[in-house]
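**Q** Compact mmCIF, C-alpha atoms, saved as model_17.txt, coming up:
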# COMPACT_ATOMS: atom_id res chain seq x y z
CA MET A 1 -10.48 -4.98 13.11
CA ARG A 2 -12.73 -4.58 10.05
CA LEU A 3 -10.80 -1.41 9.27
CA VAL A 4 -7.50 -3.34 9.32
CA ILE A 5 -8.92 -6.03 7.02
CA ALA A 6 -10.23 -3.34 4.66
CA VAL A 7 -6.82 -1.61 4.53
CA VAL A 8 -5.00 -4.92 3.90
CA ALA A 9 -7.51 -5.79 1.16
CA VAL A 10 -7.08 -2.43 -0.59
CA VAL A 11 -3.28 -2.66 -0.39
CA ALA A 12 -3.41 -6.20 -1.75
CA PHE A 13 -5.69 -4.97 -4.56
CA VAL A 14 -3.33 -2.09 -5.33
CA GLY A 15 -0.33 -4.44 -5.26
CA CYS A 16 -1.87 -7.28 -7.29
CA GLY A 17 -3.67 -5.11 -9.83
CA ALA A 18 -0.42 -4.82 -11.73
CA SER A 19 -0.13 -8.48 -12.86
CA GLY A 20 -2.31 -7.96 -15.97
CA ASP A 21 -0.42 -4.76 -16.74
CA ARG A 22 2.92 -6.61 -16.49
CA ALA A 23 1.85 -9.09 -19.15
CA GLU A 24 0.53 -6.25 -21.33
CA THR A 25 3.74 -4.21 -21.11
CA GLU A 26 5.85 -7.28 -21.91
CA ALA A 27 3.63 -7.98 -24.92
CA VAL A 28 3.97 -4.38 -26.21
CA VAL A 29 7.78 -4.51 -26.00
CA GLY A 30 7.79 -8.01 -27.51
CA ARG A 31 5.70 -6.79 -30.48
CA PHE A 32 8.00 -3.77 -30.92
CA TYR A 33 11.15 -5.91 -31.07
CA ASP A 34 9.46 -8.44 -33.39
CA ALA A 35 8.46 -5.63 -35.75
CA VAL A 36 11.99 -4.18 -35.72
CA SER A 37 13.51 -7.60 -36.45
CA ARG A 38 11.06 -7.97 -39.41
CA GLN A 39 12.10 -4.47 -40.57
CA ASP A 40 8.44 -3.47 -40.22
CA GLY A 41 8.92 0.16 -39.19
CA GLU A 42 5.23 1.01 -39.28
CA ALA A 43 4.29 -1.75 -36.83
CA ALA A 44 7.20 -0.83 -34.55
CA CYS A 45 6.23 2.86 -34.48
CA ALA A 46 2.65 1.88 -33.60
CA GLU A 47 3.95 0.63 -30.23
CA LEU A 48 5.71 3.93 -29.44
CA ALA A 49 4.14 6.86 -27.57
CA GLU A 50 3.31 9.85 -29.75
CA ALA A 51 5.88 12.04 -27.98
CA THR A 52 8.57 9.40 -28.61
CA VAL A 53 7.69 9.25 -32.32
CA GLU A 54 7.89 13.06 -32.51
CA ALA A 55 11.25 13.13 -30.71
CA LEU A 56 12.64 10.42 -32.98
CA GLU A 57 11.50 12.22 -36.12
CA SER A 58 12.73 15.66 -35.04
CA GLN A 59 16.14 14.30 -33.99
CA SER A 60 16.69 12.27 -37.19
CA GLY A 61 14.83 14.44 -39.70
CA GLN A 62 13.28 11.24 -41.08
CA SER A 63 10.01 9.44 -40.62
CA CYS A 64 9.70 7.13 -37.62
CA ARG A 65 9.09 4.06 -39.80
CA SER A 66 12.37 4.52 -41.67
CA VAL A 67 14.59 5.35 -38.68
CA VAL A 68 13.20 3.00 -36.02
CA THR A 69 14.57 -0.15 -37.68
CA ARG A 70 18.11 1.33 -37.73
CA LEU A 71 18.32 2.04 -33.98
CA ASP A 72 20.98 0.24 -31.93
CA LEU A 73 18.42 -1.28 -29.59
CA GLY A 74 20.38 -4.26 -28.26
CA GLY A 75 18.96 -6.66 -25.71
CA GLY A 76 17.57 -10.17 -26.03
CA PRO A 77 14.16 -11.61 -25.16
CA VAL A 78 11.97 -9.98 -22.53
CA ALA A 79 13.16 -10.93 -19.04
CA GLY A 80 10.50 -9.26 -16.88
CA ALA A 81 8.51 -6.12 -16.16
CA GLN A 82 7.76 -3.83 -13.25
CA VAL A 83 4.65 -1.68 -13.24
CA ALA A 84 4.19 1.39 -11.02
CA ALA A 85 0.88 3.23 -11.42
CA THR A 86 0.85 4.61 -14.98
CA SER A 87 4.52 3.88 -15.71
CA ALA A 88 6.43 0.66 -16.33
CA ARG A 89 9.86 -0.74 -17.12
CA VAL A 90 10.41 -3.88 -19.19
CA GLU A 91 13.81 -5.53 -18.85
CA LEU A 92 15.39 -7.46 -21.68
CA ARG A 93 18.24 -9.94 -21.40
CA GLY A 94 21.55 -8.20 -21.82
CA GLY A 95 20.80 -5.36 -19.38
CA VAL A 96 18.70 -3.27 -21.79
CA SER A 97 15.39 -1.72 -20.69
CA ALA A 98 12.32 -0.10 -22.24
CA PHE A 99 10.06 2.35 -20.39
CA LEU A 100 6.31 2.67 -20.98
CA ASP A 101 3.35 4.87 -20.04
CA ARG A 102 -0.26 3.78 -19.82
CA GLU A 103 -2.12 5.93 -22.36
CA PRO A 104 -5.90 6.03 -22.91
CA ASP A 105 -5.66 3.33 -25.61
CA GLY A 106 -3.17 1.11 -23.80
CA TRP A 107 0.53 0.88 -22.93
CA ARG A 108 2.97 2.69 -25.22
CA ILE A 109 6.78 2.75 -25.21
CA THR A 110 8.24 6.12 -24.15
CA ALA A 111 11.92 5.09 -24.20
CA VAL A 112 13.67 2.11 -25.72
CA GLY A 113 17.21 0.72 -25.96
CA CYS A 114 18.03 2.10 -22.50
CA ARG A 115 21.34 1.11 -20.88
CA PRO A 116 22.52 1.90 -17.32
CA GLN A 117 25.28 4.47 -16.85
CA ASP A 118 28.11 4.32 -14.32
CA GLY A 119 26.87 4.55 -10.74
CA PRO A 120 23.81 3.19 -8.95
CA PRO A 121 21.01 2.50 -11.48
CA THR A 122 18.44 3.84 -8.99
CA GLU A 123 20.16 7.24 -9.00
CA ARG A 124 21.48 7.63 -12.57
CA PRO A 125 19.06 7.89 -15.51
CA MET A 126 19.73 5.33 -18.24
CA GLU A 127 20.85 6.41 -21.67
CA CYS A 128 18.27 5.51 -24.30
CA GLU A 129 18.40 5.08 -28.09
CA ALA A 130 15.00 6.73 -28.42
CA GLU A 131 13.07 8.64 -25.77
CA ALA A 132 10.37 11.26 -25.46
CA MET B 1 -33.79 7.10 17.15
CA ARG B 2 -33.36 10.75 18.14
CA ARG B 3 -32.12 9.61 21.56
CA TRP B 4 -29.69 7.16 19.98
CA VAL B 5 -28.27 9.91 17.78
CA ARG B 6 -27.91 12.28 20.76
CA GLU B 7 -26.19 9.62 22.88
CA ASN B 8 -23.74 8.84 20.08
CA SER B 9 -23.40 12.35 18.68
CA LEU B 10 -19.65 12.65 19.36
CA ALA B 11 -18.71 9.52 17.38
CA LEU B 12 -21.27 10.29 14.65
CA PHE B 13 -19.98 13.86 14.27
CA PHE B 14 -16.37 12.78 13.83
CA LEU B 15 -17.24 9.85 11.54
CA GLY B 16 -19.33 12.24 9.45
CA ILE B 17 -16.64 14.87 9.05
CA PHE B 18 -14.07 12.08 8.44
CA LEU B 19 -16.10 10.79 5.48
CA ALA B 20 -16.74 14.29 4.15
CA ALA B 21 -13.03 15.14 4.36
CA LEU B 22 -12.06 11.83 2.71
CA VAL B 23 -14.45 12.44 -0.20
CA ALA B 24 -13.18 16.01 -0.58
CA GLN B 25 -9.57 14.77 -0.46
CA ALA B 26 -10.38 12.20 -3.16
CA LEU B 27 -11.88 14.86 -5.45
CA VAL B 28 -9.20 17.52 -5.06
CA GLY B 29 -6.45 14.86 -4.95
CA HIS B 30 -7.70 13.49 -8.28
CA SER B 31 -7.72 16.96 -9.80
CA ASP B 32 -4.23 17.74 -8.47
CA PHE B 33 -2.88 14.37 -9.64
CA ASN B 34 -4.14 14.89 -13.19
CA ASN B 35 -2.77 18.46 -13.27
CA GLN B 36 0.66 17.12 -12.30
CA GLN B 37 0.42 14.33 -14.88
CA LEU B 38 -0.44 16.79 -17.66
CA ALA B 39 2.40 19.10 -16.60
CA HIS B 40 4.81 16.15 -16.99
CA GLN B 41 3.15 14.98 -20.23
CA ASP B 42 2.09 11.81 -18.43
CA PRO B 43 -1.29 10.07 -18.82
CA THR B 44 -4.21 11.11 -16.60
CA MET B 45 -6.46 8.76 -14.58
CA SER B 46 -10.23 8.45 -14.17
CA LEU B 47 -11.58 9.11 -10.67
CA GLY B 48 -12.35 5.40 -10.19
CA ARG B 49 -8.83 4.37 -11.14
CA TYR B 50 -7.33 7.13 -8.97
CA LEU B 51 -9.25 5.93 -5.89
CA THR B 52 -7.66 2.47 -6.15
CA SER B 53 -4.24 3.84 -7.08
CA SER B 54 -1.17 4.03 -4.89
CA ALA B 55 -1.08 7.79 -5.48
CA PHE B 56 -4.31 8.22 -3.48
CA MET B 57 -3.61 5.46 -0.98
CA VAL B 58 -0.19 6.75 0.06
CA ASP B 59 -1.61 10.19 0.85
CA VAL B 60 -4.33 8.61 3.01
CA MET B 61 -2.11 6.03 4.70
CA GLU B 62 0.72 8.38 5.66
CA ASN B 63 -1.76 10.44 7.67
CA TRP B 64 -3.58 7.47 9.17
CA GLN B 65 -0.41 5.84 10.44
CA SER B 66 0.74 8.99 12.20
CA GLU B 67 -2.65 9.51 13.88
CA TYR B 68 -2.79 5.94 15.13
CA LEU B 69 0.84 6.15 16.28
CA GLN B 70 -0.06 9.31 18.19
CA PHE B 71 -2.84 7.57 20.12
CA THR B 72 -0.83 4.35 20.56
CA LEU B 73 2.01 6.31 22.16
CA PHE B 74 -0.38 8.46 24.16
CA ILE B 75 -2.12 5.40 25.62
CA LEU B 76 1.25 3.73 26.35
CA ALA B 77 3.09 6.76 27.74
CA THR B 78 0.26 7.80 30.08
CA ILE B 79 0.47 4.42 31.85
CA PHE B 80 3.95 5.24 33.15
CA LEU B 81 4.45 9.01 32.78
CA VAL B 82 2.57 11.83 34.49
CA GLN B 83 2.30 15.60 34.09
CA ARG B 84 1.51 17.69 37.15
CA GLY B 85 -1.54 19.84 36.53
CA SER B 86 -2.59 18.24 33.21
CA THR B 87 -6.01 16.81 32.41
CA GLU B 88 -4.26 14.26 30.18
CA SER B 89 -2.35 12.73 33.10
CA LYS B 90 -3.29 10.38 35.90
CA PRO B 91 -2.92 11.78 39.43
CA LEU B 92 0.70 11.75 40.58
CA GLY B 93 1.68 8.55 42.35
CA ARG B 94 -0.53 6.28 40.24
CA GLU B 95 2.09 5.54 37.57
CA GLY B 96 2.08 1.98 36.28
CA THR B 97 -0.61 -0.57 35.43
CA GLU B 98 -2.27 -0.15 38.87
CA SER B 99 -3.76 -2.78 41.19
CA ASP B 100 -6.56 -5.20 40.30
CA GLU B 101 -8.78 -3.33 42.75
CA GLN B 102 -8.15 0.03 41.04
CA GLN B 103 -8.74 -1.59 37.65
CA LYS B 104 -11.86 -3.51 38.81
CA VAL B 105 -10.68 -6.86 37.43
CA GLY B 106 -10.77 -10.48 38.62
CA ARG B 107 -12.46 -10.73 42.02
CA HIS B 108 -12.72 -6.93 42.15
CA ALA B 109 -14.87 -6.85 39.00
CA ARG B 110 -18.39 -5.46 39.31
CA PRO B 111 -21.44 -7.44 38.20
CA ASP B 112 -21.76 -5.19 35.14
CA SER B 113 -18.02 -5.27 34.27
CA PRO B 114 -17.12 -6.57 30.79
CA ARG B 115 -17.11 -10.41 30.69
CA TRP B 116 -13.37 -10.82 30.08
CA ALA B 117 -12.56 -8.38 32.94
CA LYS B 118 -13.96 -11.02 35.32
CA ARG B 119 -11.76 -13.80 33.91
CA ASP B 120 -8.17 -14.79 34.67
CA GLY B 121 -5.31 -15.73 32.37
CA TRP B 122 -4.93 -14.78 28.70
CA ARG B 123 -8.45 -13.42 28.30
CA LEU B 124 -7.92 -10.86 31.06
CA ALA B 125 -4.40 -10.05 29.77
CA LEU B 126 -5.69 -9.58 26.23
CA TYR B 127 -8.69 -7.49 27.25
CA SER B 128 -6.55 -5.41 29.64
CA ASN B 129 -4.41 -4.29 26.69
CA SER B 130 -7.02 -4.41 23.92
CA LEU B 131 -7.16 -0.66 23.27
CA LEU B 132 -3.40 -0.40 22.87
CA LEU B 133 -3.23 -3.58 20.76
CA VAL B 134 -5.91 -2.46 18.29
CA MET B 135 -4.45 1.05 17.96
CA ALA B 136 -0.93 -0.34 17.48
CA THR B 137 -2.15 -2.90 14.92
CA ILE B 138 -3.87 -0.20 12.85
CA TRP B 139 -0.73 1.97 13.13
CA ILE B 140 1.57 -0.84 11.91
CA GLY B 141 -0.91 -1.86 9.20
CA SER B 142 -1.33 1.65 7.83
CA TRP B 143 2.42 2.34 8.06
CA PHE B 144 3.07 -0.83 6.04
CA ALA B 145 0.40 0.27 3.55
CA GLN B 146 2.20 3.63 3.27
CA LEU B 147 5.44 1.74 2.58
CA VAL B 148 3.91 -0.43 -0.17
CA THR B 149 1.94 2.33 -1.91
CA GLY B 150 4.66 4.97 -1.44
CA ARG B 151 7.12 2.69 -3.20
CA VAL B 152 4.80 2.37 -6.21
CA VAL B 153 4.47 6.16 -6.50
CA TYR B 154 8.23 6.61 -6.07
CA ASN B 155 9.00 3.97 -8.70
CA ALA B 156 6.59 5.59 -11.16
CA GLU B 157 8.77 8.71 -10.92
CA GLN B 158 11.89 6.57 -11.26
CA PHE B 159 10.50 5.14 -14.51
CA ASP B 160 9.62 8.62 -15.77
CA HIS B 161 13.28 9.54 -15.24
CA HIS B 162 14.45 6.28 -16.87
CA GLU B 163 15.91 5.03 -13.60
CA ALA B 164 15.77 1.57 -12.01
CA PRO B 165 13.07 0.91 -9.38
CA LEU B 166 13.71 0.53 -5.63
CA SER B 167 12.94 -2.74 -3.84
CA LEU B 168 10.64 -2.57 -0.81
CA TRP B 169 13.66 -2.68 1.52
CA GLN B 170 15.53 -0.02 -0.45
CA TYR B 171 12.45 2.21 -0.29
CA ALA B 172 12.07 1.52 3.47
CA GLY B 173 15.55 3.02 3.92
CA SER B 174 15.02 5.93 1.52
CA SER B 175 14.86 9.57 2.51
CA GLU B 176 11.54 9.90 0.65
CA PHE B 177 9.83 7.30 2.88
CA TRP B 178 11.23 8.80 6.08
CA ASN B 179 10.43 12.35 4.99
CA ARG B 180 6.79 11.36 4.41
CA THR B 181 6.78 9.57 7.78
CA LEU B 182 8.55 12.10 9.99
CA GLN B 183 6.76 15.17 8.63
CA ASN B 184 3.56 13.60 10.01
CA TRP B 185 5.06 12.30 13.25
CA GLN B 186 6.52 15.63 14.32
CA SER B 187 3.19 17.42 14.02
CA GLU B 188 1.37 14.70 15.98
CA PHE B 189 3.93 14.77 18.78
CA LEU B 190 3.71 18.57 18.96
CA ALA B 191 -0.10 18.41 19.15
CA VAL B 192 0.01 15.89 22.03
CA ALA B 193 2.66 17.88 23.93
CA SER B 194 0.56 21.05 23.45
CA MET B 195 -2.57 19.36 24.78
CA VAL B 196 -0.72 17.96 27.81
CA VAL B 197 0.86 21.31 28.70
CA PHE B 198 -1.90 23.77 27.68
CA SER B 199 -4.47 21.90 29.80
CA ILE B 200 -2.48 22.83 32.92
CA TRP B 201 -3.23 26.57 32.59
CA LEU B 202 -5.93 26.98 29.96
CA ARG B 203 -9.63 26.07 30.27
CA GLN B 204 -12.61 25.37 28.03
CA ARG B 205 -15.84 25.56 29.95
CA GLY B 206 -17.91 22.43 29.44
CA SER B 207 -15.26 20.27 27.75
CA PRO B 208 -14.04 17.08 29.44
CA GLU B 209 -10.67 17.76 27.78
CA SER B 210 -10.31 20.73 30.18
CA LYS B 211 -10.45 21.09 33.94
CA PRO B 212 -13.44 22.96 35.37
CA VAL B 213 -12.73 26.66 34.88
CA GLY B 214 -12.18 27.31 38.58
CA GLU B 215 -10.00 24.25 39.22
CA PRO B 216 -6.48 25.17 40.45
CA HIS B 217 -3.57 24.82 37.96
CA GLY B 218 -1.90 22.23 40.22
CA THR B 219 -4.79 19.75 40.10
CA THR B 220 -3.83 16.74 38.01
CA GLY B 221 -6.23 14.46 36.11
CA ALA B 222 -9.37 16.50 36.83
CA GLU B 223 -11.86 16.73 33.95
CA GLY B 224 -14.68 19.22 33.68
Write the structure described by the file as structure tokens, please.

**A**
Amino acid sequence: MRLVIAVVAVVAFVGCGASGDRAETEAVVGRFYDAVSRQDGEAACAELAEATVEALESQSGQSCRSVVTRLDLGGGPVAGAQVAATSARVELRGGVSAFLDREPDGWRITAVGCRPQDGPPTERPMECEAEA
Amino acid sequence: MRRWVRENSLALFFLGIFLAALVAQALVGHSDFNNQQLAHQDPTMSLGRYLTSSAFMVDVMENWQSEYLQFTLFILATIFLVQRGSTESKPLGREGTESDEQQKVGRHARPDSPRWAKRDGWRLALYSNSLLLVMATIWIGSWFAQLVTGRVVYNAEQFDHHEAPLSLWQYAGSSEFWNRTLQNWQSEFLAVASMVVFSIWLRQRGSPESKPVGEPHGTTGAEG
């Protein structure tokens, strides 16, 4: 019986450990959108993962700080977040999502301005304005 | 102390190798997890974080649930089903839950029988099925833990692919969950069937899992 209690406790720990991460991921995406709305490209790029910054710069041929404020991000305020291990999705009102990875110094956005394609959203990757 | 160890050596041996295997699994699992993460350009985890992660838990739970299911089914099936010549079967003709006299319960209990075996009502009913109930509870609990932690791991991949996550019910109906489950079940069922059948004709001198070496193949339920 102790074994059962131990297993339930560990599963509960694994399941509940994400609540702090949810708030953190929502805050990161909130800061990113705030920075974009202020036209503060440098602050917005600071919330992106390094690989996403590199992809954005190589695709546009411009610096991240100058291109990030011109992306068609869409979406309203943050509506909620789901965290799974080292990855997360933050949903914004209007059906737009951002995806994040937990990096050594905290959560960083790996894809932003993501919209579902035709078909089941659990089977079709979303199309994103910027992604690693 | 030495006597206590000798008298409990079977349980101590298996608990010891269980812990050693679990520690080894944790270490190599952590290394493998981080290799996979780096290959996908995803962040790595410290050992401490990995041990409380769903990635480690799902690998442990999917094996636990199948082992406990194996013994739950074995205990249940051997009440009603028999196999001529097998050490794992009761003698033919004793199928079922047997009489109170055969089970030494109620007024047939011995002075040194367990306390609840001498009682009537729910205590006797509960104690009479306690082995099956505990095994089944651990099976269900670990299977549910596999479901919860497996979904987290699956959704982490969904997020990496920029796809929407699955709800618990969606994951419970997914091919990934059932593939993890059935790949363990089939091997457990094969192992039990092998033990039941092999013990008819094959022997291991000195093991209670085998008949005595000279026992005829047709003898059922004999242990050496």

**Q** Could you please determine the separation between CA of Ala98 (chain A) and CA of Leu71 (chain A) in Å, to one decimal place?

**A**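 Distance between the two atoms: 13.4 Å.
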
**Q** Give the answer as one residue: which of B:Lys118, B:Arg123, B:His40, B:His161 has the shortest atom-to-atom distance to chain A, using all atoms listed in the file?

**A**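 Selected residue with least distance to chain A: B:His161.
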
**Q** Find, counting all atoms listed in the file, the residue in B:Leu27, B:Met195, B:Val134, B:Ala125 that gets nearest to chain A.

**A**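 Distance minimum relative to chain A lands on B:Val134.
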
**Q** Near chain B, meaning an atom within 6 Å, which residues of chain A appear when counting all atoms listed in the file? Write them as a list in words.

**A**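 That gives the following set of residues: Val4, Ala84, Ser87, Glu103, Pro121, Thr122, Pro125 and Met126 of chain A.
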
**Q** Let me make sure I understand: among A:Ala132, A:Asp21, A:Asp72, A:Ala111, which one has the smallest atom-to-atom distance to Thr86 (chain A) if we use all atoms listed in the file?

**A** A:Asp21

**Q** Here is a test: counting only C-alpha atoms, which residue of A:Ser37, A:Thr52, A:Thr25, A:Ser58 is nearest to Gly106 (chain A)?

**A**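 Ranked by minimum distance to Gly106 (chain A), first place goes to A:Thr25.
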
**Q** Work out how far CA of Ala191 (chain B) is from CA of Trp143 (chain B), in Å to one decimal.

**A** 19.7 Å

**Q** Pick out the closest residue to Ser60 (chain A) from this set: A:Ala130, A:Val90, A:Leu73, A:Val29. Count only C-alpha atoms.

**A**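 Answer, going by the shortest atom-to-atom distance: A:Ala130.
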
**Q** What is the distance between CA of Arg107 (chain B) and CA of Ser128 (chain B), in Å to one decimal?

**A**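 So the answer is 14.7 Å.
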
**Q** If we count all atoms listed in the file, what is near Gln183 (chain B) at a cut-off of 12 Å, once residues fewer than 6 positions away on the same chain are taken out, given as a ChimeraX atom specification?

**A** /B:62-63,65-66,175-177,189-190

**Q** So, with only C-alpha atoms as the atoms that count, which of A:Gly30, A:Pro116, A:Gly61, A:Gly80 lies closest to Ala44 (chain A)?

**A**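 Of all the options, A:Gly30 lies closest to Ala44 (chain A).
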